[in-house]
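Participant: Here's a structure for you.
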Amino acid sequence: MTGKVRPTVHVTRRLTAPVETVLRERFNVLMSSEDAPTTAESLQRALGICDGVLSTVTDQLTAAVLAAYPLRTRIIANYGVGTDNIDLTAARAHHIVVTNTPDVLTECTADLAITLILMTMRRTGEGEREVRGGRWTGWRPNHMMGTMVSGKTLGLVGIGRIARAVARRAYYGFGMNVLCYSPTPRSAEELSRYGATPRETLEEVLAQSDVVSIHCPSTPATRGLINADRLAQMRSGAFLVNTARGDIIDDDALIAALRSGHLAGAGLDVFRGEPHVDPRYLALDNVVLLPHLGSATRETRDAMGFRALENLTAFFDGRPVLDRVG
Ligand code: DGY
């Protein structure tokens, strides 16, 4: 972009220092130093005066927000793989290109799903609270027994990149039997490379697994997917883990299943209406609650920023963008 007027890019949140440095070299960057959640008004203002917007997964770019007038923005580079915060149909109608940051967060998000599987099944959240609370009375044979992870059956809802990375870890690392369901069929041969075995229905995966991990995007078809009926199909004493999006789970149904003991535990990294967490979860010892940490490592947050930056650079250079989703 040397010699050209630098495009103006609104960056909605503070990013890692290396990413911010390169962003400022390439673009005229507008960024609030406060690092506060964005409002519809601030997003509309940015859409009116900036050539591009680098948004994050918490910025709600709804049809109403995208109806901003005047509208100058031609690209929204979302910092995140999920784009459920953006109305892609409205963006298309306004001729705005939308990109995301796939691949670079796969390994860390898979690590976090495994963390939650281990934490819930081995009761490590409870154990840590006991030690910190000064309530630990010492080693004894019947103390805080969890459930063995190795050799158990893991069910994956969705079999995209992150689910496949979880499958690899579970199968090769923990000797788990890994089942999966995706509405987009994939060949059993391809999935066997990750140690996963496809099932024809979600119901089969739910009924045959000791722990179920959710890896589908949030779409109109998946919102509320894990409802009372589907939870009832899970094995008694099974566990549920969610590193995808909070709204895929019906919270009332999950809380009822945890309270009744039908499910032995749940590990949640994502919530409907984040950062609000349904207070009923806080009262349940068998639930592990994390603040949306899936991709939160220095390495991955740098890589996500550089990926968004590359999408912006390609777009303003007139080259095809790498990660177009809309
Ligand atoms: C994503 O990229 O969609 C994640 O939720 C952010 O960690």
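Naming works like this for the structure tokens: A, B, ... for the chains as they're shown, residue 1 at the start of each chain, ligands 1 onward in shown order.
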Could you list, as a PyMOL selection string, all residues that come within 7 Å of ligand 1? Count only C-alpha atoms and all ligand atoms.

Facilitator: chain A and resi 57+79-83+101+105+244+292-296

Participant: I'd like the neighbourhood of Thr243 in chain A as a PyMOL selection string, where a residue qualifies if any of its atoms comes within 10 Å (using only C-alpha atoms), though same-chain residues fewer than 3 positions away should be ignored.

Facilitator: chain A and resi 109-110+112-114+116+162+213-216+246+267-271+290+292-295

Participant: Those same residues, written as a PDB file, in the first residue's frame with N, CA, C and O atoms?

Facilitator:
ATOM      1  N   THR A 109      -7.976 -23.821  21.131  1.00  0.00           N
ATOM      2  CA  THR A 109      -9.368 -24.063  21.535  1.00  0.00           C
ATOM      3  C   THR A 109      -9.568 -25.549  21.834  1.00  0.00           C
ATOM      4  O   THR A 109     -10.270 -25.914  22.787  1.00  0.00           O
ATOM      5  N   ALA A 110      -8.919 -26.399  21.043  1.00  0.00           N
ATOM      6  CA  ALA A 110      -8.993 -27.843  21.326  1.00  0.00           C
ATOM      7  C   ALA A 110      -8.346 -28.151  22.678  1.00  0.00           C
ATOM      8  O   ALA A 110      -8.867 -28.960  23.455  1.00  0.00           O
ATOM      9  N   LEU A 112      -8.308 -26.252  25.190  1.00  0.00           N
ATOM     10  CA  LEU A 112      -9.223 -25.830  26.250  1.00  0.00           C
ATOM     11  C   LEU A 112     -10.413 -26.779  26.402  1.00  0.00           C
ATOM     12  O   LEU A 112     -10.883 -27.024  27.521  1.00  0.00           O
ATOM     13  N   ALA A 113     -10.870 -27.357  25.306  1.00  0.00           N
ATOM     14  CA  ALA A 113     -11.956 -28.345  25.414  1.00  0.00           C
ATOM     15  C   ALA A 113     -11.466 -29.546  26.230  1.00  0.00           C
ATOM     16  O   ALA A 113     -12.175 -30.055  27.102  1.00  0.00           O
ATOM     17  N   ILE A 114     -10.232 -29.958  25.956  1.00  0.00           N
ATOM     18  CA  ILE A 114      -9.662 -31.079  26.729  1.00  0.00           C
ATOM     19  C   ILE A 114      -9.503 -30.672  28.199  1.00  0.00           C
ATOM     20  O   ILE A 114      -9.776 -31.461  29.109  1.00  0.00           O
ATOM     21  N   LEU A 116     -11.391 -28.682  29.862  1.00  0.00           N
ATOM     22  CA  LEU A 116     -12.717 -28.764  30.495  1.00  0.00           C
ATOM     23  C   LEU A 116     -13.153 -30.214  30.700  1.00  0.00           C
ATOM     24  O   LEU A 116     -13.797 -30.534  31.699  1.00  0.00           O
ATOM     25  N   ILE A 162     -11.819 -27.582  14.855  1.00  0.00           N
ATOM     26  CA  ILE A 162     -11.554 -27.672  16.296  1.00  0.00           C
ATOM     27  C   ILE A 162     -11.957 -29.058  16.809  1.00  0.00           C
ATOM     28  O   ILE A 162     -11.218 -29.691  17.570  1.00  0.00           O
ATOM     29  N   SER A 213     -18.842 -33.052  23.746  1.00  0.00           N
ATOM     30  CA  SER A 213     -18.219 -31.742  23.582  1.00  0.00           C
ATOM     31  C   SER A 213     -18.808 -31.067  22.339  1.00  0.00           C
ATOM     32  O   SER A 213     -18.878 -31.670  21.266  1.00  0.00           O
ATOM     33  N   ILE A 214     -19.218 -29.818  22.507  1.00  0.00           N
ATOM     34  CA  ILE A 214     -19.936 -29.115  21.431  1.00  0.00           C
ATOM     35  C   ILE A 214     -18.954 -28.310  20.571  1.00  0.00           C
ATOM     36  O   ILE A 214     -18.161 -27.522  21.094  1.00  0.00           O
ATOM     37  N   HIS A 215     -19.058 -28.498  19.254  1.00  0.00           N
ATOM     38  CA  HIS A 215     -18.142 -27.819  18.329  1.00  0.00           C
ATOM     39  C   HIS A 215     -18.831 -27.351  17.063  1.00  0.00           C
ATOM     40  O   HIS A 215     -18.239 -27.359  15.979  1.00  0.00           O
ATOM     41  N   CYS A 216     -20.101 -26.973  17.168  1.00  0.00           N
ATOM     42  CA  CYS A 216     -20.785 -26.471  15.966  1.00  0.00           C
ATOM     43  C   CYS A 216     -20.905 -24.951  16.081  1.00  0.00           C
ATOM     44  O   CYS A 216     -20.850 -24.404  17.179  1.00  0.00           O
ATOM     45  N   GLY A 246     -22.525 -20.150  23.691  1.00  0.00           N
ATOM     46  CA  GLY A 246     -23.433 -20.415  24.793  1.00  0.00           C
ATOM     47  C   GLY A 246     -24.860 -20.702  24.362  1.00  0.00           C
ATOM     48  O   GLY A 246     -25.556 -21.518  24.971  1.00  0.00           O
ATOM     49  N   GLY A 267     -18.784 -28.439  31.725  1.00  0.00           N
ATOM     50  CA  GLY A 267     -17.678 -27.494  31.632  1.00  0.00           C
ATOM     51  C   GLY A 267     -18.021 -26.461  30.581  1.00  0.00           C
ATOM     52  O   GLY A 267     -18.213 -26.800  29.412  1.00  0.00           O
ATOM     53  N   LEU A 268     -18.127 -25.204  30.994  1.00  0.00           N
ATOM     54  CA  LEU A 268     -18.610 -24.170  30.073  1.00  0.00           C
ATOM     55  C   LEU A 268     -17.591 -23.043  29.944  1.00  0.00           C
ATOM     56  O   LEU A 268     -17.200 -22.425  30.941  1.00  0.00           O
ATOM     57  N   ASP A 269     -17.196 -22.772  28.702  1.00  0.00           N
ATOM     58  CA  ASP A 269     -16.285 -21.648  28.431  1.00  0.00           C
ATOM     59  C   ASP A 269     -17.042 -20.498  27.779  1.00  0.00           C
ATOM     60  O   ASP A 269     -16.487 -19.421  27.604  1.00  0.00           O
ATOM     61  N   VAL A 270     -18.281 -20.765  27.384  1.00  0.00           N
ATOM     62  CA  VAL A 270     -19.066 -19.774  26.628  1.00  0.00           C
ATOM     63  C   VAL A 270     -20.486 -19.747  27.182  1.00  0.00           C
ATOM     64  O   VAL A 270     -20.984 -20.755  27.676  1.00  0.00           O
ATOM     65  N   PHE A 271     -21.134 -18.576  27.077  1.00  0.00           N
ATOM     66  CA  PHE A 271     -22.432 -18.391  27.716  1.00  0.00           C
ATOM     67  C   PHE A 271     -23.338 -17.539  26.838  1.00  0.00           C
ATOM     68  O   PHE A 271     -22.862 -16.664  26.112  1.00  0.00           O
ATOM     69  N   LEU A 290     -15.544 -21.044  32.816  1.00  0.00           N
ATOM     70  CA  LEU A 290     -14.372 -20.274  32.384  1.00  0.00           C
ATOM     71  C   LEU A 290     -14.840 -19.068  31.563  1.00  0.00           C
ATOM     72  O   LEU A 290     -15.869 -19.127  30.888  1.00  0.00           O
ATOM     73  N   HIS A 292     -14.599 -17.559  28.611  1.00  0.00           N
ATOM     74  CA  HIS A 292     -14.345 -17.575  27.160  1.00  0.00           C
ATOM     75  C   HIS A 292     -12.836 -17.508  26.860  1.00  0.00           C
ATOM     76  O   HIS A 292     -12.358 -16.582  26.204  1.00  0.00           O
ATOM     77  N   LEU A 293     -12.128 -18.530  27.318  1.00  0.00           N
ATOM     78  CA  LEU A 293     -10.664 -18.538  27.196  1.00  0.00           C
ATOM     79  C   LEU A 293     -10.138 -19.369  26.026  1.00  0.00           C
ATOM     80  O   LEU A 293      -8.928 -19.491  25.869  1.00  0.00           O
ATOM     81  N   GLY A 294     -11.046 -19.962  25.234  1.00  0.00           N
ATOM     82  CA  GLY A 294     -10.625 -20.919  24.199  1.00  0.00           C
ATOM     83  C   GLY A 294      -9.372 -20.518  23.439  1.00  0.00           C
ATOM     84  O   GLY A 294      -8.419 -21.290  23.333  1.00  0.00           O
ATOM     85  N   SER A 295      -9.355 -19.302  22.907  1.00  0.00           N
ATOM     86  CA  SER A 295      -8.217 -18.901  22.071  1.00  0.00           C
ATOM     87  C   SER A 295      -7.222 -18.025  22.827  1.00  0.00           C
ATOM     88  O   SER A 295      -6.318 -17.444  22.219  1.00  0.00           O
TER      89      SER A 295
END

Participant: If you measure from CA of Thr197 in chain A to CA of Arg122 in chain A, what distance in Å do you get, rounded to one decimal?

Facilitator: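 Value for the CA of Thr197 in chain A-CA of Arg122 in chain A distance: 24.9 Å.
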
Participant: From range 67-286 of chain A, collect each residue whose DSSP state is strand (DSSP E or B) and return the set as a PyMOL selection string.

Facilitator: chain A and resi 75-79+86+97-99+153-157+177-181+196-198+211-214+226+238-242+249+263-268

Participant: Please build the interface table for range 272-315 of chain A against range 27-48 of chain A with a cut-off of 10 Å, listing for each qualifying residue the nearest atom pair and the distance in Å to one decimal; count only C-alpha atoms, order rows by chain and increasing number, and write it as JSON lines.

Facilitator:
{"residue": "A:Leu309", "atom": "CA", "partner": "A:Phe27", "partner_atom": "CA", "distance": 9.7}
{"residue": "A:Leu312", "atom": "CA", "partner": "A:Phe27", "partner_atom": "CA", "distance": 9.4}
{"residue": "A:Thr313", "atom": "CA", "partner": "A:Phe27", "partner_atom": "CA", "distance": 8.9}

Participant: What's the 12 Å shell around range 182-196 of chain A, counting only C-alpha atoms, without same-chain residues fewer than 3 positions away, as a PDB file with N, CA and C atoms, in the first residue's frame?

Facilitator:
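And here is the file that came out, selection_34.pdb:
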ATOM      1  N   THR A 153     -15.781 -42.865  26.254  1.00  0.00           N
ATOM      2  CA  THR A 153     -16.279 -42.451  24.929  1.00  0.00           C
ATOM      3  C   THR A 153     -16.590 -40.961  24.923  1.00  0.00           C
ATOM      4  N   LEU A 154     -15.981 -40.283  23.967  1.00  0.00           N
ATOM      5  CA  LEU A 154     -16.207 -38.841  23.786  1.00  0.00           C
ATOM      6  C   LEU A 154     -17.091 -38.655  22.560  1.00  0.00           C
ATOM      7  N   GLY A 155     -18.144 -37.871  22.694  1.00  0.00           N
ATOM      8  CA  GLY A 155     -19.024 -37.567  21.558  1.00  0.00           C
ATOM      9  C   GLY A 155     -18.826 -36.131  21.124  1.00  0.00           C
ATOM     10  N   LEU A 156     -18.572 -35.923  19.838  1.00  0.00           N
ATOM     11  CA  LEU A 156     -18.359 -34.567  19.326  1.00  0.00           C
ATOM     12  C   LEU A 156     -19.572 -34.132  18.519  1.00  0.00           C
ATOM     13  N   VAL A 157     -20.082 -32.962  18.857  1.00  0.00           N
ATOM     14  CA  VAL A 157     -21.192 -32.389  18.099  1.00  0.00           C
ATOM     15  C   VAL A 157     -20.564 -31.404  17.119  1.00  0.00           C
ATOM     16  N   GLY A 158     -20.512 -31.780  15.852  1.00  0.00           N
ATOM     17  CA  GLY A 158     -19.777 -30.996  14.850  1.00  0.00           C
ATOM     18  C   GLY A 158     -18.425 -31.660  14.648  1.00  0.00           C
ATOM     19  N   ILE A 159     -17.910 -31.567  13.421  1.00  0.00           N
ATOM     20  CA  ILE A 159     -16.597 -32.179  13.176  1.00  0.00           C
ATOM     21  C   ILE A 159     -15.753 -31.282  12.268  1.00  0.00           C
ATOM     22  N   GLY A 160     -15.793 -29.994  12.610  1.00  0.00           N
ATOM     23  CA  GLY A 160     -14.932 -29.018  11.928  1.00  0.00           C
ATOM     24  C   GLY A 160     -13.509 -29.100  12.472  1.00  0.00           C
ATOM     25  N   ARG A 161     -12.740 -28.049  12.176  1.00  0.00           N
ATOM     26  CA  ARG A 161     -11.309 -28.083  12.529  1.00  0.00           C
ATOM     27  C   ARG A 161     -11.077 -28.318  14.017  1.00  0.00           C
ATOM     28  N   ILE A 162     -11.819 -27.582  14.855  1.00  0.00           N
ATOM     29  CA  ILE A 162     -11.554 -27.672  16.296  1.00  0.00           C
ATOM     30  C   ILE A 162     -11.957 -29.058  16.809  1.00  0.00           C
ATOM     31  N   ALA A 163     -13.105 -29.551  16.360  1.00  0.00           N
ATOM     32  CA  ALA A 163     -13.545 -30.886  16.797  1.00  0.00           C
ATOM     33  C   ALA A 163     -12.522 -31.936  16.377  1.00  0.00           C
ATOM     34  N   ARG A 164     -11.972 -31.810  15.176  1.00  0.00           N
ATOM     35  CA  ARG A 164     -10.992 -32.806  14.720  1.00  0.00           C
ATOM     36  C   ARG A 164      -9.724 -32.749  15.586  1.00  0.00           C
ATOM     37  N   ALA A 165      -9.349 -31.531  15.987  1.00  0.00           N
ATOM     38  CA  ALA A 165      -8.163 -31.395  16.852  1.00  0.00           C
ATOM     39  C   ALA A 165      -8.443 -31.979  18.239  1.00  0.00           C
ATOM     40  N   VAL A 166      -9.686 -31.860  18.706  1.00  0.00           N
ATOM     41  CA  VAL A 166     -10.057 -32.472  19.993  1.00  0.00           C
ATOM     42  C   VAL A 166     -10.024 -33.995  19.848  1.00  0.00           C
ATOM     43  N   ALA A 167     -10.554 -34.483  18.732  1.00  0.00           N
ATOM     44  CA  ALA A 167     -10.583 -35.931  18.489  1.00  0.00           C
ATOM     45  C   ALA A 167      -9.168 -36.514  18.538  1.00  0.00           C
ATOM     46  N   ARG A 168      -8.251 -35.835  17.858  1.00  0.00           N
ATOM     47  CA  ARG A 168      -6.849 -36.319  17.842  1.00  0.00           C
ATOM     48  C   ARG A 168      -6.289 -36.430  19.254  1.00  0.00           C
ATOM     49  N   ARG A 169      -6.498 -35.379  20.033  1.00  0.00           N
ATOM     50  CA  ARG A 169      -5.986 -35.383  21.415  1.00  0.00           C
ATOM     51  C   ARG A 169      -6.619 -36.513  22.229  1.00  0.00           C
ATOM     52  N   ALA A 170      -7.939 -36.652  22.091  1.00  0.00           N
ATOM     53  CA  ALA A 170      -8.665 -37.624  22.918  1.00  0.00           C
ATOM     54  C   ALA A 170      -8.301 -39.053  22.520  1.00  0.00           C
ATOM     55  N   TYR A 171      -8.199 -39.299  21.225  1.00  0.00           N
ATOM     56  CA  TYR A 171      -7.954 -40.655  20.733  1.00  0.00           C
ATOM     57  C   TYR A 171      -6.501 -41.072  20.972  1.00  0.00           C
ATOM     58  N   TYR A 172      -5.583 -40.192  20.517  1.00  0.00           N
ATOM     59  CA  TYR A 172      -4.162 -40.587  20.611  1.00  0.00           C
ATOM     60  C   TYR A 172      -3.598 -40.331  22.015  1.00  0.00           C
ATOM     61  N   GLY A 173      -4.112 -39.315  22.701  1.00  0.00           N
ATOM     62  CA  GLY A 173      -3.561 -38.966  24.011  1.00  0.00           C
ATOM     63  C   GLY A 173      -4.197 -39.731  25.161  1.00  0.00           C
ATOM     64  N   PHE A 174      -5.502 -39.963  25.071  1.00  0.00           N
ATOM     65  CA  PHE A 174      -6.220 -40.550  26.207  1.00  0.00           C
ATOM     66  C   PHE A 174      -6.868 -41.889  25.863  1.00  0.00           C
ATOM     67  N   GLY A 175      -6.597 -42.380  24.672  1.00  0.00           N
ATOM     68  CA  GLY A 175      -7.156 -43.678  24.286  1.00  0.00           C
ATOM     69  C   GLY A 175      -8.681 -43.687  24.328  1.00  0.00           C
ATOM     70  N   MET A 176      -9.287 -42.540  24.056  1.00  0.00           N
ATOM     71  CA  MET A 176     -10.754 -42.482  24.103  1.00  0.00           C
ATOM     72  C   MET A 176     -11.337 -43.012  22.803  1.00  0.00           C
ATOM     73  N   ASN A 177     -12.541 -43.491  22.914  1.00  0.00           N
ATOM     74  CA  ASN A 177     -13.311 -43.881  21.747  1.00  0.00           C
ATOM     75  C   ASN A 177     -14.032 -42.597  21.332  1.00  0.00           C
ATOM     76  N   VAL A 178     -13.809 -42.113  20.117  1.00  0.00           N
ATOM     77  CA  VAL A 178     -14.358 -40.803  19.746  1.00  0.00           C
ATOM     78  C   VAL A 178     -15.450 -40.955  18.686  1.00  0.00           C
ATOM     79  N   LEU A 179     -16.650 -40.523  19.027  1.00  0.00           N
ATOM     80  CA  LEU A 179     -17.771 -40.551  18.081  1.00  0.00           C
ATOM     81  C   LEU A 179     -18.065 -39.124  17.660  1.00  0.00           C
ATOM     82  N   ARG A 199     -21.232 -41.066  13.413  1.00  0.00           N
ATOM     83  CA  ARG A 199     -22.530 -41.679  13.654  1.00  0.00           C
ATOM     84  C   ARG A 199     -23.537 -40.934  12.778  1.00  0.00           C
ATOM     85  N   GLU A 200     -24.600 -41.624  12.398  1.00  0.00           N
ATOM     86  CA  GLU A 200     -25.540 -41.013  11.454  1.00  0.00           C
ATOM     87  C   GLU A 200     -26.401 -39.943  12.081  1.00  0.00           C
ATOM     88  N   THR A 201     -26.614 -40.047  13.396  1.00  0.00           N
ATOM     89  CA  THR A 201     -27.490 -39.064  14.045  1.00  0.00           C
ATOM     90  C   THR A 201     -26.834 -38.504  15.301  1.00  0.00           C
ATOM     91  N   LEU A 202     -27.287 -37.309  15.637  1.00  0.00           N
ATOM     92  CA  LEU A 202     -26.837 -36.675  16.877  1.00  0.00           C
ATOM     93  C   LEU A 202     -27.289 -37.521  18.069  1.00  0.00           C
ATOM     94  N   GLU A 203     -28.497 -38.065  17.966  1.00  0.00           N
ATOM     95  CA  GLU A 203     -29.058 -38.871  19.052  1.00  0.00           C
ATOM     96  C   GLU A 203     -28.123 -40.035  19.401  1.00  0.00           C
ATOM     97  N   GLU A 204     -27.565 -40.695  18.379  1.00  0.00           N
ATOM     98  CA  GLU A 204     -26.651 -41.818  18.644  1.00  0.00           C
ATOM     99  C   GLU A 204     -25.424 -41.339  19.423  1.00  0.00           C
ATOM    100  N   VAL A 205     -24.881 -40.197  18.996  1.00  0.00           N
ATOM    101  CA  VAL A 205     -23.687 -39.669  19.677  1.00  0.00           C
ATOM    102  C   VAL A 205     -24.018 -39.362  21.135  1.00  0.00           C
ATOM    103  N   ILE A 214     -19.218 -29.818  22.507  1.00  0.00           N
ATOM    104  CA  ILE A 214     -19.936 -29.115  21.431  1.00  0.00           C
ATOM    105  C   ILE A 214     -18.954 -28.310  20.571  1.00  0.00           C
ATOM    106  N   HIS A 215     -19.058 -28.498  19.254  1.00  0.00           N
ATOM    107  CA  HIS A 215     -18.142 -27.819  18.329  1.00  0.00           C
ATOM    108  C   HIS A 215     -18.831 -27.351  17.063  1.00  0.00           C
ATOM    109  N   CYS A 216     -20.101 -26.973  17.168  1.00  0.00           N
ATOM    110  CA  CYS A 216     -20.785 -26.471  15.966  1.00  0.00           C
ATOM    111  C   CYS A 216     -20.905 -24.951  16.081  1.00  0.00           C
ATOM    112  N   PRO A 217     -21.055 -24.264  14.954  1.00  0.00           N
ATOM    113  CA  PRO A 217     -21.240 -22.813  15.048  1.00  0.00           C
ATOM    114  C   PRO A 217     -22.634 -22.484  15.565  1.00  0.00           C
ATOM    115  N   ALA A 221     -30.129 -22.822  13.152  1.00  0.00           N
ATOM    116  CA  ALA A 221     -30.409 -24.262  13.296  1.00  0.00           C
ATOM    117  C   ALA A 221     -29.816 -24.859  14.571  1.00  0.00           C
ATOM    118  N   THR A 222     -28.789 -24.247  15.123  1.00  0.00           N
ATOM    119  CA  THR A 222     -28.143 -24.863  16.300  1.00  0.00           C
ATOM    120  C   THR A 222     -28.477 -24.144  17.608  1.00  0.00           C
TER     121      THR A 222
END

Participant: Could you tell me how far CA of Thr124 in chain A sits from CA of His262 in chain A, in Å to one decimal place?

Facilitator: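 Computing it gives 20.1 Å between the two atoms.
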
Participant: Would you kindly return, as a list in words, each protein, DNA or RNA residue with an atom no farther than 12 Å from any atom of Pro7 in chain A, considering only C-alpha atoms and excluding same-chain residues fewer than 4 positions away?

Facilitator: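 Contacts, with the query itself left out: Met1, Thr2, Gly3, Leu23, Arg24, Glu25, Arg26, Phe27, Asn28, Val29, Leu30, Ile49, Cys50, Asp51, Gly52, Val53, Arg72, Thr73, Arg74, Ile75, Leu312, Thr313, Phe315, Phe316 and Asp317 of chain A.
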
Participant: Please save N, CA and C atoms of the selected residues as a compact mmCIF listing (two decimals), in the first residue's frame.

Facilitator:
# COMPACT_ATOMS: atom_id res chain seq x y z
N MET A 1 0.82 -1.21 0.00
CA MET A 1 0.00 0.00 0.00
C MET A 1 0.85 1.26 0.00
N THR A 2 2.17 1.09 -0.27
CA THR A 2 3.08 2.23 -0.26
C THR A 2 2.64 3.27 -1.28
N GLY A 3 2.73 4.53 -0.89
CA GLY A 3 2.43 5.60 -1.84
C GLY A 3 0.95 5.91 -1.95
N LEU A 23 -0.55 -2.89 12.56
CA LEU A 23 -1.79 -2.23 12.12
C LEU A 23 -1.54 -0.73 11.89
N ARG A 24 -0.84 -0.12 12.86
CA ARG A 24 -0.59 1.33 12.76
C ARG A 24 0.37 1.66 11.62
N GLU A 25 1.27 0.71 11.28
CA GLU A 25 2.18 0.95 10.14
C GLU A 25 1.40 0.95 8.82
N ARG A 26 0.37 0.09 8.76
CA ARG A 26 -0.32 -0.07 7.47
C ARG A 26 -1.56 0.79 7.30
N PHE A 27 -2.19 1.13 8.43
CA PHE A 27 -3.48 1.82 8.33
C PHE A 27 -3.52 3.05 9.22
N ASN A 28 -4.49 3.88 8.91
CA ASN A 28 -4.82 4.98 9.79
C ASN A 28 -5.81 4.38 10.81
N VAL A 29 -5.32 4.09 12.00
CA VAL A 29 -6.11 3.30 12.95
C VAL A 29 -6.89 4.19 13.92
N LEU A 30 -8.17 3.92 14.02
CA LEU A 30 -8.99 4.58 15.05
C LEU A 30 -9.32 3.53 16.09
N ILE A 49 -17.52 6.36 9.05
CA ILE A 49 -16.31 7.16 8.75
C ILE A 49 -15.08 6.32 8.40
N CYS A 50 -15.17 4.98 8.55
CA CYS A 50 -13.96 4.15 8.32
C CYS A 50 -14.11 3.26 7.09
N ASP A 51 -12.98 3.01 6.43
CA ASP A 51 -13.00 2.13 5.25
C ASP A 51 -13.14 0.67 5.67
N GLY A 52 -12.60 0.35 6.83
CA GLY A 52 -12.69 -1.02 7.32
C GLY A 52 -12.93 -1.03 8.82
N VAL A 53 -13.48 -2.14 9.31
CA VAL A 53 -13.67 -2.31 10.75
C VAL A 53 -13.04 -3.64 11.14
N ARG A 72 -19.54 3.94 5.03
CA ARG A 72 -18.29 4.01 4.26
C ARG A 72 -17.56 2.67 4.26
N THR A 73 -17.79 1.87 5.28
CA THR A 73 -17.03 0.63 5.46
C THR A 73 -17.27 -0.37 4.33
N ARG A 74 -16.18 -0.96 3.84
CA ARG A 74 -16.32 -1.97 2.77
C ARG A 74 -15.85 -3.35 3.21
N ILE A 75 -15.18 -3.40 4.36
CA ILE A 75 -14.76 -4.72 4.87
C ILE A 75 -14.86 -4.74 6.40
N LEU A 312 -7.34 -7.60 5.89
CA LEU A 312 -7.53 -6.17 5.59
C LEU A 312 -6.54 -5.71 4.52
N THR A 313 -5.29 -6.13 4.67
CA THR A 313 -4.24 -5.71 3.73
C THR A 313 -4.57 -6.20 2.32
N PHE A 315 -7.44 -6.99 1.09
CA PHE A 315 -8.61 -6.30 0.57
C PHE A 315 -8.23 -4.92 0.04
N PHE A 316 -7.49 -4.16 0.82
CA PHE A 316 -7.18 -2.78 0.38
C PHE A 316 -6.11 -2.75 -0.71
N ASP A 317 -5.38 -3.86 -0.87
CA ASP A 317 -4.44 -3.97 -1.99
C ASP A 317 -5.15 -4.43 -3.26

Participant: In Å, with one decimal, what is the gap from CA of Gly318 in chain A to CA of Glu20 in chain A?

Facilitator: 22.2 Å

Participant: Hey, what's within 12 Å of Asp84 in chain A if we count only C-alpha atoms and toss same-chain stuff fewer than 4 positions away? As a VMD selection string, please?

Facilitator: chain A and resid 56 to 62 78 80 88 to 89 98 100 216 to 220 222 to 223 244 to 248 325 to 326

Participant: Show which residues sit within 9 Å of Arg235 in chain A, as an mmCIF file with N, CA, C and O atoms, in the first residue's frame. Count only C-alpha atoms, and ignore same-chain residues fewer than 6 positions away.

Facilitator:
data_model
loop_
_atom_site.group_PDB
_atom_site.id
_atom_site.type_symbol
_atom_site.label_atom_id
_atom_site.label_comp_id
_atom_site.auth_asym_id
_atom_site.auth_seq_id
_atom_site.Cartn_x
_atom_site.Cartn_y
_atom_site.Cartn_z
ATOM 1 N N LEU A 206 -25.176 -38.718 21.357
ATOM 2 C CA LEU A 206 -25.545 -38.344 22.726
ATOM 3 C C LEU A 206 -25.741 -39.601 23.584
ATOM 4 O O LEU A 206 -25.298 -39.653 24.731
ATOM 5 N N ALA A 207 -26.397 -40.596 23.019
ATOM 6 C CA ALA A 207 -26.748 -41.794 23.801
ATOM 7 C C ALA A 207 -25.548 -42.694 24.086
ATOM 8 O O ALA A 207 -25.578 -43.472 25.032
ATOM 9 N N GLN A 208 -24.491 -42.574 23.271
ATOM 10 C CA GLN A 208 -23.387 -43.535 23.402
ATOM 11 C C GLN A 208 -22.140 -42.938 24.051
ATOM 12 O O GLN A 208 -21.109 -43.592 24.123
ATOM 13 N N SER A 209 -22.212 -41.677 24.492
ATOM 14 C CA SER A 209 -20.987 -41.019 24.978
ATOM 15 C C SER A 209 -20.986 -40.817 26.486
ATOM 16 O O SER A 209 -22.027 -40.564 27.092
ATOM 17 N N ASP A 210 -19.785 -40.870 27.077
ATOM 18 C CA ASP A 210 -19.626 -40.554 28.500
ATOM 19 C C ASP A 210 -19.447 -39.049 28.686
ATOM 20 O O ASP A 210 -19.749 -38.507 29.741
ATOM 21 N N VAL A 211 -18.895 -38.412 27.662
ATOM 22 C CA VAL A 211 -18.731 -36.957 27.706
ATOM 23 C C VAL A 211 -18.986 -36.432 26.298
ATOM 24 O O VAL A 211 -18.522 -37.016 25.310
ATOM 25 N N HIS A 262 -28.919 -36.224 36.605
ATOM 26 C CA HIS A 262 -28.871 -36.969 35.338
ATOM 27 C C HIS A 262 -27.510 -36.754 34.670
ATOM 28 O O HIS A 262 -26.892 -37.691 34.181
ATOM 29 N N LEU A 263 -27.050 -35.504 34.651
ATOM 30 C CA LEU A 263 -25.674 -35.252 34.185
ATOM 31 C C LEU A 263 -24.782 -35.110 35.411
ATOM 32 O O LEU A 263 -25.168 -34.485 36.409
#

Participant: Which neighbours of range 135-145 of chain A fall inside 12 Å, counting only C-alpha atoms, when residues of the same chain fewer than 5 positions from it are skipped, and could you give them as a list of chain:residue names?

Facilitator: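 The filter keeps A:Thr120, A:Met121, A:Arg122, A:Arg123, A:Thr124, A:Gly125, A:Glu126, A:Gly127, A:Glu128, A:Arg129, A:Glu130, A:Asp285, A:Asn286.
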